[in-house]
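Participant: Provided herewith is a single structure, encoded as structure tokens, for subsequent inquiry.
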Amino acid sequence: MHKIKRRNTQQRNIIYDIVASTNTHPTADWIYEQAKKQIPNISLGTVYRNLKVLVEEGKILEINDGKVSRFDANISPHHHFKCENCGSLYDIEEGELLYINKDIAQKKGYTVNNSFVVLYGICPKCNEHIS
Ligand SMILES: [Zn+2]
Ligand SMILES: [Zn+2]
């Protein structure tokens with residue numbers, strides 16, 4: 001019993017480290033590919049389950065970018081920019097944007113504890129190639 005518990009924790013730590021190792025907001029599939037390098041017999045279901053627990057524990061964020069769930073170890077309040085060309089998801093550390101949301105909500109009587117905004121457009125890298 002104890003052994004199983006320890007193994008689960010170990011797997012979860014490895015999965016957390018993989019999410020924390022990148023700021024590209026990986027998908028479960030990508031995390032699974034990385035996890036296999038360390039735990040060859042791990043299943044995609046196990047990866048999903050561990051990601052879910054990490055989200056529930058507040059250690060990582062789950063961001064739905066419209067098509068797939070992506071995961072983020074940066075749990076400080078921030079926004080995201082989704083490039084419609086290459087599909088990359090970037091962090092926007094824009095404090096002002098956060099306050100705008102809060103102001104608007106407060107005027108309508110809502111108390112905001114958290115906010116997640118996804119901006120859509122073309123990232124600087126893609127802009128370079130297009131122009
Ligand atoms: Zn792009
Ligand atoms: Zn992020």
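Starting from 1 in every chain, residues are counted up; chains themselves are A, B, ... following the order of the structure tokens, and ligands are numbered from 1 as listed.
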Residues within 7 Å of ligand 2, counting only C-alpha atoms and all ligand atoms: report them as a VMD selection string.
Facilitator: chain A and resid 23 25 72 74 78 to 80 90 to 91
Participant: Please identify which residues in chain A DSSP calls helix (DSSP H, G or I) from the backbone, and express them as a PyMOL selection string.
Facilitator: chain A and resi 2-20+28-38+44-56+95-107+124-130
Participant: What are the nearest atom pairs, with distances in Å to one decimal, for all residues of chain A that come at most 7 Å from ligand 1, using only C-alpha atoms and all ligand atoms, set out by chain and rising residue number as a Markdown table?
Facilitator:
| residue | atom | partner | partner_atom_place_in_ligand_line | distance |
| --- | --- | --- | --- | --- |
| A:Cys83 | CA | ligand 1 | 1 (Zn) | 4.6 |
| A:Glu84 | CA | ligand 1 | 1 (Zn) | 6.7 |
| A:Asn85 | CA | ligand 1 | 1 (Zn) | 5.0 |
| A:Cys86 | CA | ligand 1 | 1 (Zn) | 4.1 |
| A:Gly87 | CA | ligand 1 | 1 (Zn) | 6.2 |
| A:Ser88 | CA | ligand 1 | 1 (Zn) | 5.8 |
| A:Ile122 | CA | ligand 1 | 1 (Zn) | 5.5 |
| A:Cys123 | CA | ligand 1 | 1 (Zn) | 4.3 |
| A:Pro124 | CA | ligand 1 | 1 (Zn) | 6.8 |
| A:Lys125 | CA | ligand 1 | 1 (Zn) | 5.6 |
| A:Cys126 | CA | ligand 1 | 1 (Zn) | 4.4 |
Participant: Got time to write the residues from that selection, C-alpha atoms, as a short mmCIF file (atom, residue, chain, number, x, y, z; two decimals), in the first residue's frame?
Facilitator:
data_model
loop_
_atom_site.label_atom_id
_atom_site.label_comp_id
_atom_site.auth_asym_id
_atom_site.auth_seq_id
_atom_site.Cartn_x
_atom_site.Cartn_y
_atom_site.Cartn_z
CA CYS A 83 -0.81 32.58 -32.00
CA GLU A 84 -3.35 31.63 -34.65
CA ASN A 85 -0.56 30.83 -37.08
CA CYS A 86 1.83 28.52 -35.21
CA GLY A 87 -0.43 27.63 -32.28
CA SER A 88 2.09 28.75 -29.64
CA ILE A 122 -0.09 36.50 -34.61
CA CYS A 123 3.06 36.17 -32.53
CA PRO A 124 6.23 38.23 -33.20
CA LYS A 125 8.04 35.18 -34.63
CA CYS A 126 5.30 34.56 -37.19
#
Participant: Please provide the set of residues having any atom within 12 Å of Lys36 of chain A, restricted to only C-alpha atoms, with same-chain residues fewer than 5 positions apart removed, written as a list in words.
Facilitator: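 Skipping anything fewer than 5 positions along the chain leaves Gln11, Ile14, Ile15, Ile18, Asp29, Trp30, Ile31, Asn41, Ile42, Ser43, Leu44, Thr46 and Val47 of chain A.
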Participant: Contacts of Gly45 of chain A at 10 Å or less, counting only C-alpha atoms, minus same-chain residues fewer than 4 places along, as number ranges by chain?
Facilitator: A: 28, 32, 49-51
Participant: So, with only C-alpha atoms as the atoms that count, which of A:Arg7, A:Lys59, A:Lys107, A:Arg70 lies closest to Ile39 of chain A?
Facilitator: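 Closest candidate: A:Arg7.
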Participant: Can you tell me how far atom CA of Ala73 of chain A sits from atom CA of Phe116 of chain A, in Å to one decimal?
Facilitator: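 Computed distance, atom CA of Ala73 of chain A to atom CA of Phe116 of chain A, equals 14.3 Å.
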Participant: What is the distance, in Å and to one decimal place, between atom CA of Asn101 of chain A and atom CA of Lys82 of chain A?
Facilitator: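 Atom-to-atom, atom CA of Asn101 of chain A and atom CA of Lys82 of chain A are spaced 18.6 Å apart.
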Participant: Give me, please, the distance in Å between atom CA of Glu128 of chain A and atom CA of Glu93 of chain A, quoted to one decimal.
Facilitator: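 These two atoms are separated by 22.1 Å.
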